[in-house]
Each structure stands twice: as structure tokens, then as C-alpha cells.
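The structure file input-v8.pdb is reproduced below (PDB, C-alpha atoms).
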ATOM      1  CA  GLY M 217     150.946 153.571  -7.005
ATOM      2  CA  GLU M 218     151.226 149.861  -6.458
ATOM      3  CA  ASP M 219     149.297 150.237  -3.195
ATOM      4  CA  LEU M 220     146.110 151.086  -5.072
ATOM      5  CA  LEU M 221     146.709 148.485  -7.786
ATOM      6  CA  ASN M 222     147.145 145.786  -5.157
ATOM      7  CA  ASP M 223     144.091 146.871  -3.225
ATOM      8  CA  LEU M 224     141.795 147.129  -6.243
ATOM      9  CA  SER M 225     142.710 143.805  -7.843
ATOM     10  CA  PRO M 226     141.903 140.470  -6.219
ATOM     11  CA  SER M 227     144.672 138.840  -8.306
ATOM     12  CA  LEU M 228     147.059 141.525  -9.494
ATOM     13  CA  ASP M 229     149.308 139.140 -11.413
ATOM     14  CA  LYS M 230     146.331 138.080 -13.577
ATOM     15  CA  ASP M 231     144.924 141.587 -14.077
ATOM     16  CA  VAL M 232     147.889 143.919 -14.418
ATOM     17  CA  ASP M 233     151.492 143.922 -15.581
ATOM     18  CA  VAL M 234     153.637 146.343 -13.612
ATOM     19  CA  MET M 235     155.917 147.276 -16.512
ATOM     20  CA  ARG M 236     158.130 149.778 -14.761
ATOM     21  CA  ARG M 237     158.584 151.010 -11.231
ATOM     22  CA  LEU M 238     159.229 154.719 -11.709
ATOM     23  CA  GLY M 239     161.592 155.368  -8.824
ATOM     24  CA  PHE M 240     159.555 158.044  -7.047
ATOM     25  CA  GLY M 241     156.492 158.294  -4.858
ATOM     26  CA  GLY M 242     157.757 155.552  -2.573
ATOM     27  CA  ALA M 243     155.648 154.740   0.453
ATOM     28  CA  ASP M 244     154.825 151.689   2.540
ATOM     29  CA  VAL M 245     151.409 150.348   3.469
ATOM     30  CA  VAL M 246     151.748 149.555   7.178
ATOM     31  CA  VAL M 247     149.904 148.340  10.261
ATOM     32  CA  ALA M 248     150.177 150.925  13.052
ATOM     33  CA  ILE M 249     148.968 150.887  16.633
ATOM     34  CA  PRO M 250     149.040 153.319  19.553
ATOM     35  CA  ALA M 251     152.619 153.742  20.827
ATOM     36  CA  ALA M 252     151.257 153.195  24.345
ATOM     37  CA  TRP M 253     150.633 149.515  23.532
ATOM     38  CA  LEU M 254     154.059 148.542  24.873
ATOM     39  CA  ASP M 255     153.442 144.785  24.819
ATOM     40  CA  VAL M 256     152.323 144.716  21.175
ATOM     41  CA  GLU M 257     155.248 144.618  18.739
ATOM     42  CA  THR M 258     154.242 142.034  16.092
ATOM     43  CA  MET M 259     151.186 140.803  14.219
ATOM     44  CA  ALA M 260     151.048 137.759  16.545
ATOM     45  CA  ASP M 261     150.967 140.158  19.501
ATOM     46  CA  LEU M 262     148.160 142.043  17.768
ATOM     47  CA  GLU M 263     146.099 138.861  17.466
ATOM     48  CA  ALA M 264     146.602 138.157  21.178
ATOM     49  CA  ALA M 265     145.696 141.772  22.004
ATOM     50  CA  GLY M 266     142.606 141.418  19.821
ATOM     51  CA  ALA M 267     141.422 138.379  21.755
ATOM     52  CA  LEU M 268     141.991 140.193  25.050
ATOM     53  CA  PHE M 269     140.260 143.310  23.704
ATOM     54  CA  ARG M 270     137.213 141.256  22.661
ATOM     55  CA  ALA M 271     137.027 139.579  26.076
ATOM     56  CA  ARG M 272     137.203 142.941  27.873
ATOM     57  CA  HIS M 273     135.013 145.053  25.591
ATOM     58  CA  GLY M 274     132.642 142.502  24.049
ATOM     59  CA  ARG M 275     133.582 143.535  20.496
ATOM     60  CA  ARG M 276     136.411 143.156  18.036
ATOM     61  CA  MET M 277     139.154 145.756  17.616
ATOM     62  CA  ARG M 278     138.424 148.216  14.823
ATOM     63  CA  VAL M 279     141.003 148.650  12.066
ATOM     64  CA  ALA M 280     140.629 151.864  10.055
ATOM     65  CA  THR M 281     141.893 151.795   6.468
ATOM     66  CA  LYS M 282     141.174 152.602   2.852
ATOM     67  CA  TYR M 283     143.064 149.427   1.865
ATOM     68  CA  LEU M 284     140.313 146.931   2.605
ATOM     69  CA  ARG M 285     141.451 144.068   0.349
ATOM     70  CA  LEU M 286     145.156 144.397   1.241
ATOM     71  CA  THR M 287     144.325 144.487   4.946
ATOM     72  CA  ARG M 288     142.055 141.422   4.824
ATOM     73  CA  GLN M 289     144.631 139.466   2.843
ATOM     74  CA  PHE M 290     147.590 140.450   5.059
ATOM     75  CA  PHE M 291     145.734 139.848   8.318
ATOM     76  CA  ALA M 292     144.635 136.398   7.065
ATOM     77  CA  GLU M 293     148.231 135.544   6.076
ATOM     78  CA  GLN M 294     149.351 136.582   9.575
ATOM     79  CA  SER M 295     146.510 134.587  11.243
ATOM     80  CA  VAL M 296     144.947 137.705  12.723
ATOM     81  CA  GLY M 297     141.185 137.385  12.950
ATOM     82  CA  GLU M 298     140.179 139.441  15.979
ATOM     83  CA  TYR M 299     139.332 142.662  14.149
ATOM     84  CA  ARG M 300     136.633 144.523  12.241
ATOM     85  CA  LEU M 301     137.420 146.786   9.292
ATOM     86  CA  ILE M 302     136.308 150.411   9.315
ATOM     87  CA  GLU M 303     136.566 152.142   5.945
ATOM     88  CA  SER M 304     138.575 155.343   6.222
ATOM     89  CA  PRO M 305     139.045 157.324   3.014
ATOM     90  CA  GLY M 306     141.287 159.975   4.606
ATOM     91  CA  ALA M 307     143.068 161.147   7.784
ATOM     92  CA  THR M 308     143.269 157.520   8.907
ATOM     93  CA  GLU M 309     146.133 158.236  11.308
ATOM     94  CA  ALA M 310     143.717 160.251  13.479
ATOM     95  CA  ALA M 311     141.263 157.351  13.952
ATOM     96  CA  PRO M 312     142.699 156.000  17.233
ATOM     97  CA  ALA M 313     142.823 159.471  18.849
ATOM     98  CA  ALA M 314     139.294 160.183  17.608
ATOM     99  CA  GLY M 315     138.073 156.897  19.089
ATOM    100  CA  THR M 316     136.829 155.492  15.780
ATOM    101  CA  ALA M 317     139.425 152.667  15.596
ATOM    102  CA  GLU M 318     142.106 151.035  17.712
ATOM    103  CA  VAL M 319     144.454 150.085  14.843
ATOM    104  CA  ILE M 320     145.130 151.560  11.413
ATOM    105  CA  VAL M 321     146.465 150.371   8.080
ATOM    106  CA  ASP M 322     147.729 153.337   6.111
ATOM    107  CA  ILE M 323     150.444 154.484   3.748
ATOM    108  CA  THR M 324     153.517 156.270   5.051
ATOM    109  CA  THR M 325     156.694 157.667   3.570
ATOM    110  CA  THR M 326     158.678 158.789   6.609
ATOM    111  CA  GLY M 327     156.471 157.787   9.536
ATOM    112  CA  ALA M 328     156.369 161.393  10.774
ATOM    113  CA  THR M 329     152.563 161.637  10.644
ATOM    114  CA  LEU M 330     152.228 158.355  12.492
ATOM    115  CA  LYS M 331     154.613 159.573  15.209
ATOM    116  CA  ALA M 332     152.776 162.905  15.396
ATOM    117  CA  ASN M 333     149.630 160.907  16.139
ATOM    118  CA  ASP M 334     151.449 158.771  18.739
ATOM    119  CA  LEU M 335     151.362 155.610  16.620
ATOM    120  CA  LYS M 336     154.013 152.979  15.907
ATOM    121  CA  ILE M 337     154.445 150.501  13.072
ATOM    122  CA  LEU M 338     154.491 146.836  14.044
ATOM    123  CA  LYS M 339     157.875 145.159  13.477
ATOM    124  CA  ASP M 340     156.369 142.801  10.891
ATOM    125  CA  GLY M 341     153.614 145.210   9.890
ATOM    126  CA  VAL M 342     154.841 146.376   6.473
ATOM    127  CA  ILE M 343     152.188 145.066   4.101
ATOM    128  CA  LEU M 344     153.571 146.492   0.875
ATOM    129  CA  GLU M 345     156.452 148.673  -0.283
ATOM    130  CA  SER M 346     154.839 150.839  -2.927
ATOM    131  CA  GLU M 347     155.948 153.417  -5.459
ATOM    132  CA  ALA M 348     154.625 155.109  -8.572
ATOM    133  CA  SER M 349     154.522 152.563 -11.376
ATOM    134  CA  LEU M 350     153.592 152.234 -15.010
ATOM    135  CA  ALA M 351     151.135 149.370 -15.310
ATOM    136  CA  GLY M 352     149.089 147.910 -18.112
ATOM    137  CA  SER M 353     145.933 145.839 -18.069
ATOM    138  CA  LEU M 354     146.375 142.199 -19.057
ATOM    139  CA  LYS M 355     142.662 141.977 -19.858
ATOM    140  CA  ALA M 356     142.347 145.054 -22.077
ATOM    141  CA  THR M 357     142.297 144.818 -25.839
ATOM    142  CA  TRP M 358     145.457 146.571 -26.984
ATOM    143  CA  SER M 359     145.385 148.068 -30.470
ATOM    144  CA  ASP M 360     148.569 148.312 -32.538
ATOM    145  CA  ASN M 361     148.452 152.091 -32.056
ATOM    146  CA  ALA M 362     148.185 151.739 -28.259
ATOM    147  CA  ILE M 363     151.090 149.281 -28.179
ATOM    148  CA  SER M 364     153.172 151.638 -30.313
ATOM    149  CA  THR M 365     152.431 154.545 -27.969
ATOM    150  CA  LEU M 366     153.294 152.391 -24.969
ATOM    151  CA  ARG M 367     156.617 151.405 -26.586
ATOM    152  CA  VAL M 368     157.511 155.096 -27.082
ATOM    153  CA  LEU M 369     156.653 155.803 -23.439
ATOM    154  CA  LEU M 370     158.694 152.854 -22.145
ATOM    155  CA  ASP M 371     161.645 153.771 -24.394
ATOM    156  CA  SER M 372     161.508 157.327 -22.990
ATOM    157  CA  PHE M 373     161.661 156.014 -19.418
ATOM    158  CA  GLU M 374     164.563 153.716 -20.256
ATOM    159  CA  ALA M 375     166.446 156.543 -22.009
ATOM    160  CA  SER M 376     165.924 158.816 -19.008
ATOM    161  CA  VAL M 377     167.262 156.169 -16.616
ATOM    162  CA  ALA M 378     170.263 155.477 -18.858
ATOM    163  CA  ALA M 379     171.024 159.196 -19.217
ATOM    164  CA  LYS M 380     171.348 159.604 -15.448
ATOM    165  CA  SER M 381     174.400 157.344 -15.460
ATOM    166  CA  LEU M 382     176.161 159.199 -18.287
ATOM    167  CA  SER M 383     178.475 162.177 -18.071
ATOM    168  CA  ARG M 384     179.418 164.744 -20.675
ATOM    169  CA  LEU M 385     182.774 166.436 -20.857
ATOM    170  CA  GLU M 386     183.069 169.691 -22.797
ATOM    171  CA  VAL M 387     186.440 171.196 -23.621
TER     172      VAL M 387
END

Turn the structure described in the file into C-alpha cells.
Amino acid sequence: GEDLLNDLSPSLDKDVDVMRRLGFGGADVVVAIPAAWLDVETMADLEAAGALFRARHGRRMRVATKYLRLTRQFFAEQSVGEYRLIESPGATEAAPAAGTAEVIVDITTTGATLKANDLKILKDGVILESEASLAGSLKATWSDNAISTLRVLLDSFEASVAAKSLSRLEV
């Protein structure tokens, strides 16, 4: 998915060409906090809460995620600096309840798992809308055979999409 491509590449537009979004596997990478944090609704609120948290606890808020690069970039864009990243390769939504983090950045499709863990997504906390995608390296050496194979694959996707809008009438 585009979530992993964006997290692995420091400059996606220079490394990879997303040739085709495939129309399935959609999920958003989001910032989620405990639902009990009633006065925190936005990333600006999170920064203020982080400063207060640091003053009270003598440490920065912990943010659990497997999306380290995406999180750093998004938090910097939102001027949020009062945090410390905790790498979480799985079951990230359980980190606040387990006491290993106060905030999470994770992928969600429906939000049901977040709600089940008593978490809420910040109003401006959608980092990336992701879906399964066909992508090609802009730095790889592409042989004529590889390009030909890629063309067949892309043509197949396009034909499949076009076929969905057609009807057939048999008499």
C-alpha cells in the first residue's frame, strides 16, 4: 500500500512512480488518542497537551507507530514537537491501554479497532489516505522485457476497469 511506500521513502516522488491505484485495500494512516482526552481534538491541541504532559511528568508523550518517517514528517508539518516515537510493529492500538504510549499513529479502515480500544482520531489527524497500488521504481534499471511485462499488466488493469462499466445484452 501507499502507506508503506510513503514511510519507506524519504522522497517518494523521486524514488517511485505510483502507476495505478488499484481501488481496494483502502485505509488511512491516522493520529489517535484516548477518547477520554476531551479537550484534545486537533494536532494543535495535541502539541499543547504534550507541553502540559512534559511539565507534569518530566518526559515527552510517547507516540507508538510503525510509520516512523510519516509520523515525524506529519508532526513537523503540524508543528508538534512534544513527543517521542516508540516503534510498534503490531497491535499498536493497544499501546495506550498497555501503558507503553499515550498516542498512536496507525492504519485504520473503519475505525472499529480504535473505538474498541477507546481511542479517537484527531479531526486533522489523517496523515495519508492509502490503498493498494501498483508502483515502479524510478531508480531501477528497466529492461525492455520488464517494460513489456509491465505494459501487459497495466493494460490488464485498464481492461478490467473498463469492463466494469460495460453491459452485455443476450437475446

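The list of residues with at least one atom within 8 Å of Gly242 of chain M, based on only C-alpha atoms and without residues fewer than 4 positions apart in the same chain, reads Thr325, Glu345, Ser346, Glu347 and Ala348 of chain M.
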
Would you output that residue set with C-alpha atoms, as a tab-separated table (two decimals), in the frame of the given file?
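Written out: selection-v3.tsv:
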chain	number	residue	atom	x	y	z
M	325	THR	CA	156.69	157.67	3.57
M	345	GLU	CA	156.45	148.67	-0.28
M	346	SER	CA	154.84	150.84	-2.93
M	347	GLU	CA	155.95	153.42	-5.46
M	348	ALA	CA	154.62	155.11	-8.57

Original post:
With only C-alpha atoms as the basis for distance, which of M:Asp261, M:Asp255, M:Glu298, M:Glu218 is at the shortest distance from Arg276 of chain M?
Top reply: M:Glu298

**OP:** Evaluate the PyMOL selection byres ((chain M and resi 332) around 12) here and jot the selected residues down as a VMD selection string.
**Re:** chain M and resid 250 to 251 309 to 310 313 326 to 331 333 to 336

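If you measure from each of M:Arg384, M:Ala267, M:Gly217, M:Phe291 to Arg237 of chain M using only C-alpha atoms, the closest one turns out to be M:Gly217.
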
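Applied to the shown file, the PyMOL selection byres ((chain M and resi 264) around 12) selects the residues Asp255, Val256, Glu257, Thr258, Met259, Ala260, Asp261, Leu262, Glu263, Ala265, Gly266, Ala267, Leu268, Phe269, Arg270, Ala271, Arg276, Met277, Ser295, Val296, Gly297, Glu298 and Tyr299 of chain M.
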
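Rounded to one decimal, atom CA of Val342 of chain M and atom CA of Met235 of chain M lie 23.0 Å from each other.
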
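Considering the residues M:Leu369, M:Ala378, M:Ala307, M:Ala314 and counting all atoms listed in the file, Leu350 of chain M has its shortest atom-to-atom contact with M:Leu369.
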
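You can rank M:Arg275, M:Ala351, M:Gln294, M:Val246 by their closest distance to Thr308 of chain M using only C-alpha atoms, and at the top of that list sits M:Val246.
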
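Picture a line from atom CA of Lys380 of chain M to atom CA of Thr324 of chain M; it runs 27.4 Å.
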
Surrounding residues of Phe290 of chain M excluding itself and chain neighbours under 2 positions, 12 Å, all atoms listed in the file, as a compact mmCIF listing (two decimals) with C-alpha atoms, in the frame of the given file:
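And here's result_31.txt as it stands now:
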# COMPACT_ATOMS: atom_id res chain seq x y z
CA ASN M 222 147.15 145.79 -5.16
CA ASP M 223 144.09 146.87 -3.22
CA VAL M 245 151.41 150.35 3.47
CA VAL M 246 151.75 149.56 7.18
CA VAL M 247 149.90 148.34 10.26
CA MET M 259 151.19 140.80 14.22
CA TYR M 283 143.06 149.43 1.86
CA LEU M 284 140.31 146.93 2.60
CA ARG M 285 141.45 144.07 0.35
CA LEU M 286 145.16 144.40 1.24
CA THR M 287 144.32 144.49 4.95
CA ARG M 288 142.06 141.42 4.82
CA ALA M 292 144.64 136.40 7.06
CA GLU M 293 148.23 135.54 6.08
CA GLN M 294 149.35 136.58 9.57
CA SER M 295 146.51 134.59 11.24
CA VAL M 296 144.95 137.71 12.72
CA GLY M 297 141.18 137.38 12.95
CA VAL M 321 146.46 150.37 8.08
CA ASP M 340 156.37 142.80 10.89
CA GLY M 341 153.61 145.21 9.89
CA VAL M 342 154.84 146.38 6.47
CA ILE M 343 152.19 145.07 4.10
CA LEU M 344 153.57 146.49 0.88

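When only C-alpha atoms are used to measure the gap to Leu366 of chain M, the shortest distance among M:Lys282, M:Ala379, M:Gly352, M:Arg272 belongs to M:Gly352.
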
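Among M:Ala280, M:Ala362, M:Val377, M:Ala252, the residue with the shortest atom-to-atom distance to Asp322 of chain M, counting all atoms listed in the file, is M:Ala280.
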
**OP:** Carefully work through the PyMOL selection byres ((chain M and resi 302) around 8) for this structure and note down the residues it includes, as a ChimeraX atom specification.
**Re:** /M:278-281,300-301,303-304,317

Original post:
How far is it from atom CA of Ser359 of chain M to atom CA of Ser376 of chain M, in Å with one decimal?
Top reply: 25.9 Å
